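Since the structure comes first, as structure tokens, the remarks are kept for the end.
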2 protein chains.
Amino acid sequence: MESTAVLRRFNRTYTQRIGALDETFLGLGLPLASARLLFEIGYVGPVTAQVLRARLGLDSGYLSRLLRGLEERALVAVAPDPGDRRRRVVSLTRAGGRMLARLDQRSEELALGLLEPLSERQRGRLAEALATADLLVRAATIAFEVVDPASPDARTAMGHYFDELDRRFDGGFDPGPLTDEDLATMRPPGGTFVLARSDGEVAACGGVQPLGAGIGEIKRMWVHDGWRGAGLGARMLRRLEDDATALGHTVVRLDTNGTLTDAIALYERNGYRSIERYNDNPYAERWFEKDVRSR
Amino acid sequence: MESTAVLRRFNRTYTQRIGALDETFLGLGLPLASARLLFEIGYVGPVTAQVLRARLGLDSGYLSRLLRGLEERALVAVAPDPGDRRRRVVSLTRAGGRMLARLDQRSEELALGLLEPLSERQRGRLAEALATADLLVRAATIAFEVVDPASPDARTAMGHYFDELDRRFDGGFDPGPLTDEDLATMRPPGGTFVLARSDGEVAACGGVQPLGAGIGEIKRMWVHDGWRGAGLGARMLRRLEDDATALGHTVVRLDTNGTLTDAIALYERNGYRSIERYNDNPYAERWFEKDVRSR
DNA sequence: CCATTTGTCTGACTCTAGTCAGATAATCGG
DNA sequence: CCGATTATCTGACTAGAGTCAGACAAATGG
């Protein structure tokens, strides 16, 4: 069957039966919108109304009313922000925390009720299927974003990358200090740095830096462990190649270590061919190149 | 990870990203409830309001208004049922068919848009996972219902059962005429007949009839082909055992043919032991018994 | 320091998605 | 044939989830 047909059929089944998990909230006398708001406040901690509006996409008047409703039930406390007294900071009260815990419990009970008729084995199968679907749906809706390589998220992502190399290389890996010039090469013109984010969390990263006339080098490509098997590596590679083309490069090169067999397989699957050593990176053992002109 | 946690996590991911498929409908100026109704009418063909109400779980007054709304837009035609002039038969008009096609296309485009970033292989994996999840979620929410064995749905289900035996037995199978006495044995006191329904469609059936003091016989247990692997057989068996106990039986028996290896495995897995022939059913080759007193 | 912008709030709406209590007409059972 | 039942419809509600315009106060830029 075609994928879209399966997706649409599932969507029908799902909204009919599990969509009801949402109605959890109604059971506790809290409308859905209010419950979502409460969840958001509980999740991010004390926030300004502004941030809530942005995160949930609410009208300011509507949010104001929702917040007052929660305040009247003593679930949240609203106070002016000392730094800017136009802003209002919202935080959970004790009672709000308890309500959140009850919502959570109710949601758990409903989930349990749904699974109850299934045997242990079938529950396992369902969990496995849903976990796969979850990963792939999240992967499909991931957002790629060009960021400055010196930004905190970019630095964190590169840090993960270095940590992974350190774990996987036999003798460990020492990136040396991350100098400003080092980062500057992954900025325009000639360079770029890309993050893949899902729900604000960084899932993958990668950069391009210039390596001579018409040649771009792909650097620091990394995919978060939790995202293995979702094809993010291939998508990031493709994205970086496109960006390299847009930056005026006609060829991209990259180096890698022999222990990174999955990375090597990825490059080979995507049209990279082995070339001679082109740099003096002591950790590099394999060098690749791909023509990205004709795209 | 625990199943409920996976389910809840998936629910969050899903409502955020795919729940948007619903908003399709809004794009075409048709409220969600009306669009769902239109889909249902298009899917099952001309139907009575009664059937629509049962399938979508709508209040009769609400349905009446929704139908009038669709009628005013000339998307459906409503006419009295010639057979029973209280009933009203709803059918799609030309314009209704076109609207449905547009809704369908819109939904297809959205689904395609969601899947687009995935590779062919990942789309296949997602489709497989969703198909599994779909089957199991539907199985988990299936409803068992005691019906009269002479009711149309019961007769249809038994018909499927006989057809399957006819296909699977080497020399075919002839149930003979379904006599009234034959059916009467699967009514209280002493007997029962159970259907498993999903969205109104019969997914499985089975009956109990008295077979002497304290002994019930399980008969005509059948599971729809599309529901294989969802554990419906085991659940129906369990349900019939419970019903037999409630009817005062302390032992249940059943017979089967050697070609029905899956059924035999099911019985053995669920505590049935082989016994000597207890009837003169010419198609029976194996006889089983289970003590259902201590439950 | 004054006009503008920003962040929030209020009032007045709209639309969707129902629910509930009867009314009405057709059909059924005895 | 008559009373009960069934299938649908109408009227009168409610609650949720927003939208939009404008008011108001605090902050900001020149």
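Ligands are numbered from 1 in the order shown, chains are lettered A, B, ... in the order of the structure tokens, and residues start at 1 in each chain.
Remark: chain B fitted onto chain A over every Cα atom in order; resulting RMSD 2.0 Å.
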Which residues of chain A are close to chain B, meaning at most 9 Å apart when you count only C-alpha atoms, and how do they look as a PyMOL selection string? chain A and resi 1-11+13-15+17-19+21+107-112+114-119+122-142+229-231+235
Export C-alpha atoms of the chosen residues as a PDB file, in the first residue's frame?
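Just written: again-v6.pdb:
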ATOM      1  CA  MET A   1       0.000   0.000   0.000  1.00  0.00           C
ATOM      2  CA  GLU A   2       1.162   3.497  -0.617  1.00  0.00           C
ATOM      3  CA  SER A   3       2.697   5.339   2.287  1.00  0.00           C
ATOM      4  CA  THR A   4       0.262   8.226   2.131  1.00  0.00           C
ATOM      5  CA  ALA A   5      -2.657   5.819   2.217  1.00  0.00           C
ATOM      6  CA  VAL A   6      -1.255   4.124   5.321  1.00  0.00           C
ATOM      7  CA  LEU A   7      -0.593   7.458   6.953  1.00  0.00           C
ATOM      8  CA  ARG A   8      -4.087   8.689   6.231  1.00  0.00           C
ATOM      9  CA  ARG A   9      -5.722   5.495   7.379  1.00  0.00           C
ATOM     10  CA  PHE A  10      -3.717   5.611  10.565  1.00  0.00           C
ATOM     11  CA  ASN A  11      -4.665   9.225  11.056  1.00  0.00           C
ATOM     12  CA  THR A  13      -7.944   5.437  13.339  1.00  0.00           C
ATOM     13  CA  TYR A  14      -5.852   7.533  15.615  1.00  0.00           C
ATOM     14  CA  THR A  15      -7.899  10.681  15.888  1.00  0.00           C
ATOM     15  CA  ARG A  17      -9.422   6.586  19.402  1.00  0.00           C
ATOM     16  CA  ILE A  18      -6.318   8.081  20.896  1.00  0.00           C
ATOM     17  CA  GLY A  19      -7.215  11.659  20.171  1.00  0.00           C
ATOM     18  CA  LEU A  21      -6.353  11.104  25.328  1.00  0.00           C
ATOM     19  CA  SER A 107      -3.109  10.597  30.998  1.00  0.00           C
ATOM     20  CA  GLU A 108      -1.149   7.579  32.202  1.00  0.00           C
ATOM     21  CA  GLU A 109      -4.341   5.811  33.255  1.00  0.00           C
ATOM     22  CA  LEU A 110      -5.975   6.437  29.885  1.00  0.00           C
ATOM     23  CA  ALA A 111      -2.919   5.141  28.076  1.00  0.00           C
ATOM     24  CA  LEU A 112      -2.992   2.079  30.298  1.00  0.00           C
ATOM     25  CA  LEU A 114      -6.095   1.702  25.910  1.00  0.00           C
ATOM     26  CA  LEU A 115      -3.322  -0.885  26.119  1.00  0.00           C
ATOM     27  CA  GLU A 116      -5.073  -3.074  28.664  1.00  0.00           C
ATOM     28  CA  PRO A 117      -6.922  -5.329  26.198  1.00  0.00           C
ATOM     29  CA  LEU A 118      -3.671  -6.212  24.449  1.00  0.00           C
ATOM     30  CA  SER A 119      -1.453  -9.072  25.472  1.00  0.00           C
ATOM     31  CA  GLN A 122       1.162  -7.133  21.428  1.00  0.00           C
ATOM     32  CA  ARG A 123       1.865  -4.225  23.701  1.00  0.00           C
ATOM     33  CA  GLY A 124       5.516  -4.734  22.929  1.00  0.00           C
ATOM     34  CA  ARG A 125       4.811  -4.797  19.197  1.00  0.00           C
ATOM     35  CA  LEU A 126       2.702  -1.665  19.441  1.00  0.00           C
ATOM     36  CA  ALA A 127       5.335   0.145  21.490  1.00  0.00           C
ATOM     37  CA  GLU A 128       7.985  -0.787  18.957  1.00  0.00           C
ATOM     38  CA  ALA A 129       5.852   0.358  16.033  1.00  0.00           C
ATOM     39  CA  LEU A 130       4.982   3.624  17.735  1.00  0.00           C
ATOM     40  CA  ALA A 131       8.585   4.296  18.674  1.00  0.00           C
ATOM     41  CA  THR A 132       9.626   3.796  15.039  1.00  0.00           C
ATOM     42  CA  ALA A 133       6.765   5.966  13.828  1.00  0.00           C
ATOM     43  CA  ASP A 134       7.617   8.604  16.395  1.00  0.00           C
ATOM     44  CA  LEU A 135      11.237   8.761  15.313  1.00  0.00           C
ATOM     45  CA  LEU A 136      10.375   8.961  11.626  1.00  0.00           C
ATOM     46  CA  VAL A 137       7.562  11.473  12.013  1.00  0.00           C
ATOM     47  CA  ARG A 138       9.826  13.669  14.082  1.00  0.00           C
ATOM     48  CA  ALA A 139      12.582  13.224  11.520  1.00  0.00           C
ATOM     49  CA  ALA A 140      10.215  14.201   8.722  1.00  0.00           C
ATOM     50  CA  THR A 141       9.305  17.424  10.478  1.00  0.00           C
ATOM     51  CA  ILE A 142      12.784  18.431  11.531  1.00  0.00           C
ATOM     52  CA  GLY A 229      18.445   5.386  11.634  1.00  0.00           C
ATOM     53  CA  ALA A 230      16.246   8.309  10.667  1.00  0.00           C
ATOM     54  CA  GLY A 231      18.275   9.357   7.652  1.00  0.00           C
ATOM     55  CA  ARG A 235      19.761  14.864   4.714  1.00  0.00           C
TER      56      ARG A 235
END
Quick one: pick out all alpha helix (DSSP H) residues within region 104-254 of chain A from a backbone DSSP run and write them as number ranges by chain. A: 104-115, 120-140, 152-168, 180-184, 232-246
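The list of chain C residues within 10 Å of chain B is DC15, DT16, DA17, DG18, DT19, DC20, DA25, DA26 and DT27 of chain C; this uses only C-alpha atoms (C1' of nucleotides).
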Would you write out those residues with N, CA and C atoms (P, O5', C5', C4', C3', O3' and C1' of nucleotides), as a JSON list (two decimals), in the first residue's frame?
[["chain", "number", "residue", "atom", "x", "y", "z"],
["C", 15, "DC", "P", -19.70, 33.64, 11.99],
["C", 15, "DC", "O5'", -18.94, 32.25, 12.16],
["C", 15, "DC", "C5'", -17.58, 32.25, 12.56],
["C", 15, "DC", "C4'", -17.20, 30.85, 12.99],
["C", 15, "DC", "C3'", -18.16, 29.74, 12.57],
["C", 15, "DC", "O3'", -17.35, 28.67, 12.14],
["C", 15, "DC", "C1'", -17.89, 29.72, 14.92],
["C", 16, "DT", "P", -17.92, 27.40, 11.40],
["C", 16, "DT", "O5'", -17.62, 26.24, 12.46],
["C", 16, "DT", "C5'", -16.36, 26.26, 13.10],
["C", 16, "DT", "C4'", -16.35, 25.30, 14.27],
["C", 16, "DT", "C3'", -17.09, 23.99, 14.04],
["C", 16, "DT", "O3'", -16.17, 22.98, 14.35],
["C", 16, "DT", "C1'", -17.74, 24.98, 16.10],
["C", 17, "DA", "P", -16.54, 21.46, 14.08],
["C", 17, "DA", "O5'", -17.20, 21.01, 15.46],
["C", 17, "DA", "C5'", -16.37, 21.00, 16.63],
["C", 17, "DA", "C4'", -17.23, 20.61, 17.80],
["C", 17, "DA", "C3'", -18.20, 19.45, 17.49],
["C", 17, "DA", "O3'", -18.21, 18.54, 18.57],
["C", 17, "DA", "C1'", -19.36, 21.24, 18.40],
["C", 18, "DG", "P", -18.56, 17.02, 18.31],
["C", 18, "DG", "O5'", -20.09, 16.91, 18.15],
["C", 18, "DG", "C5'", -21.22, 17.03, 18.89],
["C", 18, "DG", "C4'", -21.15, 17.73, 20.19],
["C", 18, "DG", "C3'", -22.29, 17.32, 21.07],
["C", 18, "DG", "O3'", -21.84, 16.39, 22.03],
["C", 18, "DG", "C1'", -22.12, 19.69, 20.93],
["C", 19, "DT", "P", -22.88, 15.33, 22.57],
["C", 19, "DT", "O5'", -23.86, 16.15, 23.53],
["C", 19, "DT", "C5'", -23.32, 16.87, 24.62],
["C", 19, "DT", "C4'", -24.48, 17.47, 25.40],
["C", 19, "DT", "C3'", -25.60, 16.47, 25.69],
["C", 19, "DT", "O3'", -25.93, 16.58, 27.05],
["C", 19, "DT", "C1'", -26.47, 18.39, 24.60],
["C", 20, "DC", "P", -26.84, 15.43, 27.74],
["C", 20, "DC", "O5'", -28.30, 16.07, 27.70],
["C", 20, "DC", "C5'", -28.46, 17.42, 28.12],
["C", 20, "DC", "C4'", -29.90, 17.84, 27.94],
["C", 20, "DC", "C3'", -30.91, 16.70, 28.02],
["C", 20, "DC", "O3'", -31.95, 17.10, 28.88],
["C", 20, "DC", "C1'", -31.22, 17.93, 26.03],
["C", 25, "DA", "P", -47.04, 15.77, 11.81],
["C", 25, "DA", "O5'", -46.59, 14.46, 11.02],
["C", 25, "DA", "C5'", -45.36, 14.49, 10.31],
["C", 25, "DA", "C4'", -44.84, 13.08, 10.20],
["C", 25, "DA", "C3'", -45.89, 12.06, 9.71],
["C", 25, "DA", "O3'", -45.31, 11.35, 8.64],
["C", 25, "DA", "C1'", -44.80, 11.27, 11.64],
["C", 26, "DA", "P", -46.21, 10.45, 7.71],
["C", 26, "DA", "O5'", -45.52, 9.03, 7.92],
["C", 26, "DA", "C5'", -44.14, 8.90, 7.63],
["C", 26, "DA", "C4'", -43.65, 7.61, 8.24],
["C", 26, "DA", "C3'", -44.43, 6.38, 7.81],
["C", 26, "DA", "O3'", -43.49, 5.43, 7.32],
["C", 26, "DA", "C1'", -44.27, 6.48, 10.18],
["C", 27, "DT", "P", -43.97, 4.08, 6.72],
["C", 27, "DT", "O5'", -43.87, 3.12, 7.99],
["C", 27, "DT", "C5'", -42.60, 2.96, 8.61],
["C", 27, "DT", "C4'", -42.74, 2.08, 9.83],
["C", 27, "DT", "C3'", -43.41, 0.74, 9.57],
["C", 27, "DT", "O3'", -42.46, -0.25, 9.94],
["C", 27, "DT", "C1'", -44.25, 1.78, 11.53]]
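Residues in contact range of Phe193 (chain B), defined as at most 7 Å between only C-alpha atoms (C1' of nucleotides), with sequence neighbours fewer than 2 positions away removed, read Val146, Val147, Asp148, Pro149, Met186, Arg187, Leu195, Gly206, Gly207 and Val208 of chain B.
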